[in-house]
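Written out below as structure tokens is the structure these notes cover.
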Amino acid sequence: MTLKKVDEIIDKYHGEDCWLVMILQDVQKEYNFLPVSALKRVAENLQIPLSRVYNIATFYSSFSLEERGKHLVILCNGTTCHLRGFDNLRDEIDRQLGIRAGQTTKDKMFTLEVVACLGACALAPVMAIDEKCYGNMTPEKVRTIFESYGKMKKRKKSGK
Amino acid sequence: MIKSIEELSEKRSFAKSEFYSDKVKISVGMGTCGLANGAGDVFEGIRDEIQKQGLDFVVRQVGCVGFCQMEPIVDVLVPGLPRVFYHHMSAERGRELVSGISKGNFCTEWALARLDQDKLLVELDRPLDGKLNGLASVPTFEQLPFYKDQLKIALRNCGFLDPHNIEEYLAAGGYSALSKVLMEMGPEQIIDTIEKAGLRGRGGGGFVTGKKWRVCRQAPGYPKYIICNGDEGDPGAFMDRSVMESNPYVILEGMTIGAYAIGAEQGYIYVRLEYPLAVENLRSAIKQAREYGLLGENILGTGFGFDVQVSRGAGAFVCGEETALIASLAGFSGEPCTRNVYPAEKGLFGKPTIINNVETWANVPVIINKDWKWFAEIGSDKSKGTKVFSVVGKVRNTGLVEVPMGITLRRIIYDICGGILNERNFKGVQTGGPSGGCLPESLLDLQVDFDQLSEAGSIMGSGGMIIMDDRICVVEVARYFMEFLTRESCGKCTACREGLRRTLEVLERITSGEGASGDIELLEELCSYIRNNSICGLGKTAPNPVLSTLRYFRDEYIAHIEQKKCPAGVCRKLTIFKVEPEKCKVCGKCIKVCPSGAIKGKKKQAPVIEQDKCTKCGLCRETCPFEAVIVT
């Protein structure tokens, strides 16, 4: 894995450590997760302790230190989604993909993350795949959507 | 690049003349809600049909008008005729609409409302030729119950303007407040105006905005900073998202006025991670404002300089708290500080900093334009102006509702939002998100403002309003909020970190049927400890969902603990679903909907739910048209 991209990202933020959160977001976008080598490079380049970089990488919930799947499935557990059937969608995804929050399918196709709110409460319950939002979800719609991603053989969980 | 205030007003006159061209203009609402409902396809359908027929129509993207229930919404503006809004559009309907209009036929079938004059939201006069061309049967905007009692200040222009086109914002009177400030008003006078208007922070705290600005102006230290808090973390609130997506320029104008008032040169907008479209639209607005000389050095040739950058959050609810946000913005983890000194004196990088949320900034240009007296006459005694509420949950019309402060809950829920979904009974309303409380039916006539809500044991918060019907278990809701807050607590102070965890454990016990006598008292003790000993607002308000449900729905807690029953039929371990053969009409819908195949039916016989397979998801009860699925 080349770390040239990390240097480019840091240059974009003029090497200012106040943009650390944004820098890590861009690094994660580039590598799909935060590899340890990249974290070390960020610390070196910004001349800050690795512990501070690690602190940020573990404090904010959107960062992942483990490799994630090709598609990021985000299930909203905002209050409205919770009241309008979040549990049933979560169970259906478990039935379809065999993963729960924070887990990745064995074939590295999908990672499921549960977030607090996507801000589309009027369409609750809501699910998003790679930033495309699906509203008024039902377990049946979950099945249809995942079927459109290819034949659903039972994917066994891996990771956490 | 606009070099002077005179040039700006020339530019505005030109933009106005362009805004109402002689072409048919079709606008598609493409905020997050619209897009999630298929507005992208609608847009493409309309554009293709226009191209196919070779019509000289304009099709464009706008933000959201706040009536999420009706999305995707399309509005059609034919020169000389009223503006017409269409609801629940699809690509197919979009195509039909275009071909109808080209023949002079307005498909009134999907029309939601007509707007004869744009005065309601945009300060523009549009010439009408007096004809209605078959649109007389379409209700006017002012007749729609959803919009009738609304007064749009923060949300004005949202859904009417193209968020990527600064000229449209100029046409709608944008940047006239900044011109006024730069030409006629000194910093002190601006602060006086904002203070006399009685504007209070819309992010939850309700602190008097003018006071905050004054402290910051007088504080020693250089440079000073302006921050817009767009970290709308309360699950259930999305008004800030709507403003950032639909009318980003108003935030920039408000911030620029604030910067001029306190003497700041740099501003930041902190947007939560979950709002990618808001980030995109804000960035495009900043780029355009720079090109037009409305951000950057020497704004409008006055020598005053101010610039704005967007920073994205990374998924932490606590970053909505201002000291945590400031820490996050400086590249640290979002942990709040004790408030010995306010950010107005010592904030970002240790310098005086003003931090207001999106909705507050959106109010600023209007107050400057209309004057403080106009604003101070709206609202209740101590809460002036309007507040935007996102009314969601088990309610018929969901969406963003902007109303004068002091309106009753009943008017918002029943008159504006059409009451409870599926004719069920109202049980409670959660205001203020996870830091707020759950208010029962007996408080429906409560006047909604900062002080009244707080007296009732809830808070205004950022304006989320989640409506619950009798199939919602308030104990489970309290558990949900505690789970959320336990996860989001930054862990810095013991009261919040440990206290919330213990509270959650008790609630988990109660909702799984293992509640014991004394649990209610234990909850009360824990809550008072957390409230009195936490550092920041997150911990201090965290017990509200538990305390308010204990106050208003105590009998439900008792039912869970003593009878081991969940009256609403939500808590899975306390609920058994059964089909009542007398009510069942053997339609088979429950069999079809059951995701675990637990419902078995025989011909002409009421189906039976196999309890060992049943996951208690409740879909059969939701689906049954005859209320034959009951909870025992």
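Lettering and numbering for the structure tokens are positional, with chains as A, B, ... in the shown order, residues counted from 1 in each chain, and ligands counted from 1 in the shown order.
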Show me, as a Markdown table, the residues of chain B having an atom within 8 Å of chain A, each with the closest atom pair and its distance in Å, using only C-alpha atoms.
| residue | atom | partner | partner_atom | distance |
| --- | --- | --- | --- | --- |
| B:Thr32 | CA | A:Ala120 | CA | 6.8 |
| B:Cys33 | CA | A:Ala120 | CA | 5.6 |
| B:Leu35 | CA | A:Cys133 | CA | 7.6 |
| B:Ala36 | CA | A:Cys133 | CA | 5.0 |
| B:Asn37 | CA | A:Gly135 | CA | 6.5 |
| B:Cys68 | CA | A:Ala122 | CA | 5.9 |
| B:Gln69 | CA | A:Ala122 | CA | 6.5 |
| B:Gly233 | CA | A:Cys117 | CA | 7.4 |
| B:Asp234 | CA | A:Cys117 | CA | 7.6 |
| B:Pro235 | CA | A:Gly78 | CA | 4.7 |
| B:Gly236 | CA | A:Cys121 | CA | 5.9 |
| B:Ala237 | CA | A:Gly119 | CA | 6.6 |
| B:Phe238 | CA | A:Gly119 | CA | 5.1 |
| B:Arg241 | CA | A:Gly119 | CA | 7.3 |
| B:Glu274 | CA | A:Leu118 | CA | 5.6 |
| B:Tyr275 | CA | A:Leu118 | CA | 7.3 |
| B:Ser311 | CA | A:Met22 | CA | 7.1 |
| B:Arg312 | CA | A:Met22 | CA | 6.5 |
| B:Gly313 | CA | A:Val21 | CA | 7.5 |
| B:Ala314 | CA | A:Tyr60 | CA | 5.5 |
| B:Gly315 | CA | A:Ser61 | CA | 5.1 |
| B:Ala316 | CA | A:Tyr60 | CA | 5.7 |
| B:Ser328 | CA | A:Val21 | CA | 7.4 |
| B:Leu329 | CA | A:Cys18 | CA | 6.6 |
| B:Ala330 | CA | A:Cys18 | CA | 4.3 |
| B:Gly331 | CA | A:Cys18 | CA | 4.2 |
| B:Phe332 | CA | A:Ile56 | CA | 6.5 |
| B:Ser333 | CA | A:Ile56 | CA | 5.5 |
| B:Gly334 | CA | A:Phe59 | CA | 8.0 |
| B:Val392 | CA | A:Ala122 | CA | 5.8 |
| B:Gly393 | CA | A:Thr80 | CA | 5.3 |
| B:Thr398 | CA | A:Ala122 | CA | 5.6 |
| B:Gly399 | CA | A:Ala122 | CA | 6.2 |
| B:Ile466 | CA | A:Thr80 | CA | 6.8 |
| B:Ile472 | CA | A:Leu83 | CA | 7.2 |
| B:Phe484 | CA | A:Ala116 | CA | 7.6 |
| B:Pro595 | CA | A:Pro139 | CA | 7.2 |
| B:Cys617 | CA | A:Asn88 | CA | 6.2 |
For N, CA and C atoms, I'd like the residues from the last selection saved as a CSV table (one decimal), in the first residue's frame.
chain,number,residue,atom,x,y,z
B,32,THR,N,-32.7,16.2,0.5
B,32,THR,CA,-32.5,14.8,0.8
B,32,THR,C,-33.8,14.0,0.8
B,33,CYS,N,-34.9,14.6,1.3
B,33,CYS,CA,-36.2,13.9,1.4
B,33,CYS,C,-36.7,13.7,0.0
B,35,LEU,N,-35.0,13.5,-2.8
B,35,LEU,CA,-34.2,12.5,-3.5
B,35,LEU,C,-34.4,11.1,-3.1
B,36,ALA,N,-34.6,11.0,-1.7
B,36,ALA,CA,-34.9,9.6,-1.2
B,36,ALA,C,-36.3,9.1,-1.7
B,37,ASN,N,-37.1,10.0,-2.2
B,37,ASN,CA,-38.4,9.6,-2.7
B,37,ASN,C,-38.4,9.5,-4.2
B,68,CYS,N,-42.6,17.2,3.6
B,68,CYS,CA,-41.9,16.0,3.2
B,68,CYS,C,-42.9,14.9,2.8
B,69,GLN,N,-44.0,14.9,3.4
B,69,GLN,CA,-45.1,13.8,3.2
B,69,GLN,C,-45.4,13.8,1.7
B,233,GLY,N,-27.6,17.2,15.7
B,233,GLY,CA,-27.5,15.8,16.1
B,233,GLY,C,-28.7,15.2,16.6
B,234,ASP,N,-29.7,16.0,17.1
B,234,ASP,CA,-30.9,15.4,17.6
B,234,ASP,C,-31.6,14.5,16.6
B,235,PRO,N,-31.7,13.2,16.9
B,235,PRO,CA,-32.4,12.4,16.0
B,235,PRO,C,-33.9,12.9,15.9
B,236,GLY,N,-34.4,13.2,14.7
B,236,GLY,CA,-35.7,13.6,14.6
B,236,GLY,C,-35.8,15.1,14.2
B,237,ALA,N,-34.7,15.8,14.2
B,237,ALA,CA,-34.7,17.2,13.8
B,237,ALA,C,-33.9,17.4,12.5
B,238,PHE,N,-34.5,18.1,11.5
B,238,PHE,CA,-33.8,18.2,10.3
B,238,PHE,C,-34.0,19.6,9.6
B,241,ARG,N,-30.7,21.0,8.3
B,241,ARG,CA,-30.3,20.4,7.0
B,241,ARG,C,-31.0,21.0,5.8
B,274,GLU,N,-23.5,13.1,8.4
B,274,GLU,CA,-24.6,12.5,7.7
B,274,GLU,C,-25.3,13.4,6.7
B,275,TYR,N,-24.8,14.6,6.5
B,275,TYR,CA,-25.5,15.5,5.6
B,275,TYR,C,-24.6,15.9,4.4
B,311,SER,N,-16.4,22.6,7.6
B,311,SER,CA,-15.7,21.5,8.3
B,311,SER,C,-16.8,20.4,8.5
B,312,ARG,N,-16.4,19.2,8.2
B,312,ARG,CA,-17.4,18.1,8.4
B,312,ARG,C,-17.1,17.4,9.8
B,313,GLY,N,-18.2,17.1,10.4
B,313,GLY,CA,-18.1,16.3,11.7
B,313,GLY,C,-17.8,14.8,11.3
B,314,ALA,N,-17.6,14.0,12.3
B,314,ALA,CA,-17.2,12.6,12.0
B,314,ALA,C,-18.1,11.6,12.8
B,315,GLY,N,-19.3,12.1,13.2
B,315,GLY,CA,-20.2,11.1,13.9
B,315,GLY,C,-20.0,11.2,15.4
B,316,ALA,N,-20.4,12.3,16.0
B,316,ALA,CA,-20.4,12.4,17.4
B,316,ALA,C,-21.5,13.4,17.8
B,328,SER,N,-13.5,20.0,18.5
B,328,SER,CA,-13.5,19.1,17.3
B,328,SER,C,-12.9,20.0,16.1
B,329,LEU,N,-13.4,21.2,16.0
B,329,LEU,CA,-12.9,22.1,14.9
B,329,LEU,C,-11.4,22.4,15.0
B,330,ALA,N,-10.9,22.3,16.2
B,330,ALA,CA,-9.5,22.6,16.3
B,330,ALA,C,-8.6,21.3,16.1
B,331,GLY,N,-9.3,20.2,15.8
B,331,GLY,CA,-8.6,18.9,15.5
B,331,GLY,C,-8.4,18.0,16.7
B,332,PHE,N,-9.3,18.1,17.7
B,332,PHE,CA,-9.2,17.3,18.9
B,332,PHE,C,-10.5,16.5,19.0
B,333,SER,N,-10.6,15.5,20.0
B,333,SER,CA,-11.8,14.8,20.2
B,333,SER,C,-12.8,15.8,20.8
B,334,GLY,N,-14.1,15.5,20.5
B,334,GLY,CA,-15.1,16.5,20.9
B,334,GLY,C,-15.5,16.3,22.3
B,392,VAL,N,-42.7,14.7,13.1
B,392,VAL,CA,-42.5,13.4,12.5
B,392,VAL,C,-43.1,12.3,13.5
B,393,GLY,N,-43.0,11.1,13.1
B,393,GLY,CA,-43.6,10.0,13.9
B,393,GLY,C,-44.9,9.6,13.4
B,398,THR,N,-46.3,14.8,7.9
B,398,THR,CA,-44.9,15.1,8.4
B,398,THR,C,-44.2,16.1,7.6
B,399,GLY,N,-43.4,16.9,8.3
B,399,GLY,CA,-42.6,17.9,7.5
B,399,GLY,C,-42.1,18.9,8.5
B,466,ILE,N,-41.6,14.5,18.0
B,466,ILE,CA,-41.9,13.2,17.6
B,466,ILE,C,-43.2,12.7,18.2
B,472,ILE,N,-47.0,2.9,20.9
B,472,ILE,CA,-45.6,3.2,21.3
B,472,ILE,C,-45.5,3.0,22.8
B,484,PHE,N,-29.0,5.6,23.4
B,484,PHE,CA,-28.4,6.6,22.5
B,484,PHE,C,-27.4,7.4,23.2
B,595,PRO,N,-42.3,-11.8,8.5
B,595,PRO,CA,-41.0,-12.1,8.0
B,595,PRO,C,-40.4,-13.4,8.4
B,617,CYS,N,-42.3,-8.9,16.1
B,617,CYS,CA,-42.0,-7.7,15.4
B,617,CYS,C,-43.2,-6.8,15.2
Exercise for review: Could you please write out, as JSON, numbers by chain, every residue of region 219-413 of chain B that DSSP assigns to alpha helix (DSSP H)?
Suggested key: {"B": [239, 240, 241, 242, 243, 244, 245, 246, 248, 249, 250, 251, 252, 253, 254, 255, 256, 257, 258, 259, 260, 261, 262, 276, 277, 278, 279, 280, 281, 282, 283, 284, 285, 286, 287, 288, 289, 290, 291, 322, 323, 324, 325, 326, 327, 328, 329, 358, 359, 360, 361, 362, 363, 364, 365, 366, 367, 368, 369, 370, 372, 373, 374, 375, 376, 409, 410]}
Exercise for review: Quick one: everything within 8 Å of region 4-7 of chain A, counting only C-alpha atoms, minus sequence neighbours fewer than 5 positions away in the same chain. Send it as a list in words.
Suggested key: Val27, Glu30, Ala38, Arg41, Val42 and Asn45 of chain A
Using N, CA and C atoms, can you write the selected residues to a file as a PDB file, in the first residue's frame?
ATOM      1  N   VAL A  27      -8.535  10.411   4.352  1.00  0.00           N
ATOM      2  CA  VAL A  27      -7.698   9.208   4.314  1.00  0.00           C
ATOM      3  C   VAL A  27      -8.593   7.967   4.280  1.00  0.00           C
ATOM      4  N   GLU A  30     -10.048   7.364   0.954  1.00  0.00           N
ATOM      5  CA  GLU A  30      -9.054   6.847   0.020  1.00  0.00           C
ATOM      6  C   GLU A  30      -8.822   5.348   0.207  1.00  0.00           C
ATOM      7  N   ALA A  38      -1.090   4.374   7.790  1.00  0.00           N
ATOM      8  CA  ALA A  38      -1.542   5.715   7.389  1.00  0.00           C
ATOM      9  C   ALA A  38      -1.633   6.630   8.608  1.00  0.00           C
ATOM     10  N   ARG A  41       1.764   7.817   9.447  1.00  0.00           N
ATOM     11  CA  ARG A  41       2.225   8.813   8.484  1.00  0.00           C
ATOM     12  C   ARG A  41       1.593  10.180   8.785  1.00  0.00           C
ATOM     13  N   VAL A  42       0.293  10.169   9.131  1.00  0.00           N
ATOM     14  CA  VAL A  42      -0.392  11.422   9.462  1.00  0.00           C
ATOM     15  C   VAL A  42       0.300  12.076  10.657  1.00  0.00           C
ATOM     16  N   ASN A  45       3.756  13.491   9.613  1.00  0.00           N
ATOM     17  CA  ASN A  45       3.671  14.670   8.754  1.00  0.00           C
ATOM     18  C   ASN A  45       3.175  15.908   9.492  1.00  0.00           C
TER      19      ASN A  45
END
Exercise for review: Rounded to one decimal place, report the CA of Asp11 (chain A)-CA of Pro35 (chain A) distance in Å.
Suggested key: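 A separation of 19.1 Å between them.
The residue that comes closest to Glu66 (chain A), out of A:Tyr31, A:Gly98, A:Ser51, A:Phe86 and on the basis of only C-alpha atoms, is A:Tyr31.
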Exercise for review: Extract the full set of strand (DSSP E) residues from region 20-98 of chain A according to DSSP on the backbone, and format it as a PyMOL selection string.
Suggested key: chain A and resi 71-76
